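So the structure is just underneath, and the comments pick up after that.
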Amino acid sequence: MTHTPQNEAVRTILLVGASRGLGLAMADEFAKRRWNVVATVRGTARTKLHDLADERRDHIAVEFLDIDQPDQITALHDRLSGRSFDILFVNAGTANMRDETVADIATEEFARVLVTNALSPMRVIEGLQDCVRADGLIGVMSSGQGSIGDNTNGRHEVYRSSKSALNQLMRSYAARHADDGRALLLMAPGWIRTDLGGPNAPFSVEESIPQIVDVLISQLGKPGLEYLNRDGKTVRW
């Protein structure tokens, strides 16, 4: 693990969706590397992130954001007025029943998954992009299941479609900001043992998160959009 040298400016990340799972572990990992972390939770109930922030009060601050509420994005932007971040990373997302297909799913449930996994993360990026330094990074948690080229078994199709939509929207964002000097990243973390990933996933949070953080940091200063896994390898669109 690397740490920020004493004579180097402290770096900062705005991490959206960090109450548990990968987001919580990412907040902890960045704090261990002496980054300053502003991490968000949905709602006002106390979470594991609050406990972590108490332990690492010099490096972690908690904010509130429900990404499905555009007015809350605006309010967060106002609260962060004057702040500047090296990284904006949107981890927040949702899932549906694993084996539910488009033949089974209710229209309202399909819309919920698509809104939370595709539309809302992009609204966060659009609403908070000016909080990111000109040479910073804007990233979002995608999935290898968002790859159309790698879809050979057709399972988890509703979740897949939401991540494919996210990838397409992020690609459109990149095209609209082709002259922007910031790095853009779609992260495919792999199947990890979390509440979302389930107990049968092959990889632990402890072994995966340092790799994910390494990839994020390595992309700083590299303009343009990449779709990468936690090993830093390109995922097929």
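Naming scheme: A, B, ... for chains in displayed order of the structure tokens; residues 1 onward per chain; ligands 1 onward as shown.
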key: Who sits within 12 Å of Gly82 in chain A, only C-alpha atoms, same chain under 5 positions skipped, as a ChimeraX atom specification   = /A:76-77,128,130-133
Put those residues in a file: N, CA and C atoms, as a PDB file, in the first residue's frame.
```pdb
ATOM      1  N   LEU A  76     -26.535  18.941  -2.628  1.00  0.00           N
ATOM      2  CA  LEU A  76     -25.167  18.536  -2.325  1.00  0.00           C
ATOM      3  C   LEU A  76     -24.174  19.439  -3.040  1.00  0.00           C
ATOM      4  N   HIS A  77     -24.452  19.747  -4.294  1.00  0.00           N
ATOM      5  CA  HIS A  77     -23.588  20.654  -5.040  1.00  0.00           C
ATOM      6  C   HIS A  77     -23.457  21.995  -4.311  1.00  0.00           C
ATOM      7  N   LEU A 128     -22.469  17.321 -10.589  1.00  0.00           N
ATOM      8  CA  LEU A 128     -21.309  17.566  -9.736  1.00  0.00           C
ATOM      9  C   LEU A 128     -19.994  17.657 -10.493  1.00  0.00           C
ATOM     10  N   ASP A 130     -18.523  19.963 -12.080  1.00  0.00           N
ATOM     11  CA  ASP A 130     -17.682  21.141 -11.900  1.00  0.00           C
ATOM     12  C   ASP A 130     -17.000  21.166 -10.532  1.00  0.00           C
ATOM     13  N   CYS A 131     -17.235  20.139  -9.706  1.00  0.00           N
ATOM     14  CA  CYS A 131     -16.496  19.993  -8.458  1.00  0.00           C
ATOM     15  C   CYS A 131     -15.177  19.246  -8.669  1.00  0.00           C
ATOM     16  N   VAL A 132     -14.960  18.737  -9.878  1.00  0.00           N
ATOM     17  CA  VAL A 132     -13.781  17.921 -10.172  1.00  0.00           C
ATOM     18  C   VAL A 132     -12.726  18.781 -10.870  1.00  0.00           C
ATOM     19  N   ARG A 133     -11.505  18.664 -10.427  1.00  0.00           N
ATOM     20  CA  ARG A 133     -10.413  19.439 -11.001  1.00  0.00           C
ATOM     21  C   ARG A 133     -10.248  19.146 -12.490  1.00  0.00           C
TER      22      ARG A 133
END
```
key: Residue neighbourhood Glu157 in chain A, 10 Å, only C-alpha atoms, exclusion window fewer than 5 positions, as a list of chain:residue names   =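 So, after excluding close chain neighbours, the residues are A:Asn96, A:Arg98, A:Asp99, A:Glu100, A:Thr101, A:Val102, A:Gln145, A:Gly146, A:Asn151, A:Ser162, A:Lys163.
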key: Residue nearest Gly221 in chain A - candidates A:Ala175, A:Ala25, A:Ala134, A:Ile192, atoms counted: only C-alpha atoms   =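 Once distances to Gly221 in chain A are computed over only C-alpha atoms, the minimum belongs to A:Ala134.
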ask   = Could you pull out all residues of range 12-222 of chain A with a DSSP call of strand (DSSP E) and give them as an NGL selection string?
value = :A and (12-16 or 36-41 or 60-64 or 85-90 or 132-141 or 183-188)
inquiry  = From a backbone DSSP assignment, name each residue in range 9-109 of chain A labelled alpha helix (DSSP H), as a ChimeraX atom specification.
reply    = /A:21-32,48-55,70-79,107-109
Considering only C-alpha atoms, return as a CSV table (one decimal) with N, CA and C atoms, in the first residue's frame whatever protein or nucleic-acid residues lie within 7 Å of range 185-191 of chain A, sequence-local ones (same chain, fewer than 5 positions apart) excluded.
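File written: out.csv
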```csv
chain,number,residue,atom,x,y,z
A,138,ILE,N,-13.4,11.4,-13.3
A,138,ILE,CA,-14.9,11.1,-13.1
A,138,ILE,C,-15.1,9.7,-13.4
A,139,GLY,N,-15.6,8.9,-12.4
A,139,GLY,CA,-15.8,7.5,-12.6
A,139,GLY,C,-17.1,7.0,-12.1
A,140,VAL,N,-17.5,5.8,-12.5
A,140,VAL,CA,-18.7,5.2,-12.0
A,140,VAL,C,-18.6,3.7,-12.0
A,141,MET,N,-19.2,3.1,-11.0
A,141,MET,CA,-19.1,1.6,-10.9
A,141,MET,C,-20.1,1.0,-11.9
A,142,SER,N,-19.5,0.4,-12.9
A,142,SER,CA,-20.2,-0.4,-13.9
A,142,SER,C,-20.2,-1.9,-13.5
A,143,SER,N,-20.1,-2.7,-14.5
A,143,SER,CA,-20.0,-4.2,-14.2
A,143,SER,C,-19.5,-4.9,-15.5
A,144,GLY,N,-18.8,-6.0,-15.3
A,144,GLY,CA,-18.5,-6.8,-16.5
A,144,GLY,C,-19.8,-7.3,-17.2
A,197,GLY,N,-23.3,-8.9,-4.1
A,197,GLY,CA,-22.6,-10.0,-4.8
A,197,GLY,C,-23.0,-11.4,-4.2
A,201,ALA,N,-19.7,-15.5,-4.3
A,201,ALA,CA,-18.7,-14.8,-5.2
A,201,ALA,C,-17.3,-15.2,-4.9
A,202,PRO,N,-16.4,-15.3,-5.9
A,202,PRO,CA,-15.1,-15.9,-5.7
A,202,PRO,C,-14.1,-14.9,-5.0
A,203,PHE,N,-14.4,-13.6,-5.0
A,203,PHE,CA,-13.4,-12.7,-4.5
A,203,PHE,C,-13.9,-12.0,-3.3
A,212,ILE,N,-9.0,-2.1,-7.1
A,212,ILE,CA,-9.9,-1.1,-7.7
A,212,ILE,C,-9.3,0.3,-7.4
A,225,LEU,N,-12.2,8.2,-22.1
A,225,LEU,CA,-13.0,7.2,-21.4
A,225,LEU,C,-12.4,5.8,-21.5
A,226,GLU,N,-12.3,5.1,-20.4
A,226,GLU,CA,-11.9,3.7,-20.3
A,226,GLU,C,-12.9,2.8,-19.6
A,227,TYR,N,-13.0,1.6,-20.0
A,227,TYR,CA,-13.9,0.6,-19.4
A,227,TYR,C,-12.9,-0.5,-19.0
A,228,LEU,N,-12.6,-0.5,-17.7
A,228,LEU,CA,-11.6,-1.4,-17.1
A,228,LEU,C,-12.1,-2.3,-16.0
A,229,ASN,N,-11.4,-3.4,-15.9
A,229,ASN,CA,-11.6,-4.3,-14.7
A,229,ASN,C,-10.6,-3.9,-13.6
A,230,ARG,N,-10.7,-4.6,-12.5
A,230,ARG,CA,-9.9,-4.3,-11.4
A,230,ARG,C,-8.4,-4.6,-11.6
```
query = Interatomic distance between CA of Arg34 in chain A and CA of Glu63 in chain A?
reply =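 Value for the CA of Arg34 in chain A-CA of Glu63 in chain A distance: 18.9 Å.
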message = Which residues are close to Leu24 in chain A, i.e. within 10 Å by only C-alpha atoms, leaving aside same-chain residues fewer than 3 positions away? Reply as a ChimeraX atom specification.
response = /A:15,17-21,27-29,39-41,47-50,52,91,209
key: Interatomic distance, CA of Val62 in chain A to CA of Val37 in chain A (Å, one decimal)   =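 Those two atoms sit 8.4 Å apart.
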ask   = What is the CA of Gly136 in chain A to CA of Phe85 in chain A distance in Å?
value =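 Taking CA of Gly136 in chain A as the start and CA of Phe85 in chain A as the end point, the length is 7.3 Å.
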Nearby residues (only C-alpha atoms) at most 7 Å from Ile13 in chain A, same-chain spacing under 6 positions excluded, as a list in words = Asn36, Val37, Val38, Phe85, Asp86, Ile87 and Leu88 of chain A
Those same residues - N, CA and C atoms - I'd like them written as an mmCIF file, in the first residue's frame.
```cif
data_model
loop_
_atom_site.group_PDB
_atom_site.id
_atom_site.type_symbol
_atom_site.label_atom_id
_atom_site.label_comp_id
_atom_site.auth_asym_id
_atom_site.auth_seq_id
_atom_site.Cartn_x
_atom_site.Cartn_y
_atom_site.Cartn_z
ATOM 1 N N ASN A 36 -8.270 12.555 1.529
ATOM 2 C CA ASN A 36 -9.456 13.077 2.184
ATOM 3 C C ASN A 36 -10.678 12.608 1.406
ATOM 4 N N VAL A 37 -11.643 12.051 2.114
ATOM 5 C CA VAL A 37 -12.804 11.413 1.499
ATOM 6 C C VAL A 37 -14.085 12.103 1.971
ATOM 7 N N VAL A 38 -14.883 12.565 1.015
ATOM 8 C CA VAL A 38 -16.260 12.951 1.298
ATOM 9 C C VAL A 38 -17.121 11.842 0.714
ATOM 10 N N PHE A 85 -12.289 18.437 -6.061
ATOM 11 C CA PHE A 85 -11.911 17.045 -5.829
ATOM 12 C C PHE A 85 -11.059 16.514 -6.969
ATOM 13 N N ASP A 86 -10.129 15.627 -6.612
ATOM 14 C CA ASP A 86 -9.342 14.937 -7.638
ATOM 15 C C ASP A 86 -10.190 13.878 -8.333
ATOM 16 N N ILE A 87 -11.060 13.233 -7.584
ATOM 17 C CA ILE A 87 -11.888 12.156 -8.137
ATOM 18 C C ILE A 87 -13.335 12.336 -7.686
ATOM 19 N N LEU A 88 -14.249 12.172 -8.621
ATOM 20 C CA LEU A 88 -15.667 11.944 -8.333
ATOM 21 C C LEU A 88 -15.962 10.524 -8.778
#
```
inquiry  = For Ala178 in chain A, find every residue with an atom within 12 Å (counting only C-alpha atoms), except residues of its own chain fewer than 6 positions away, and show them as a list of chain:residue names.
reply    =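 Result of the neighbour search: A:Met170, A:Arg171, A:Ser172, A:Leu184, A:Pro223, A:Gly224, A:Leu225.
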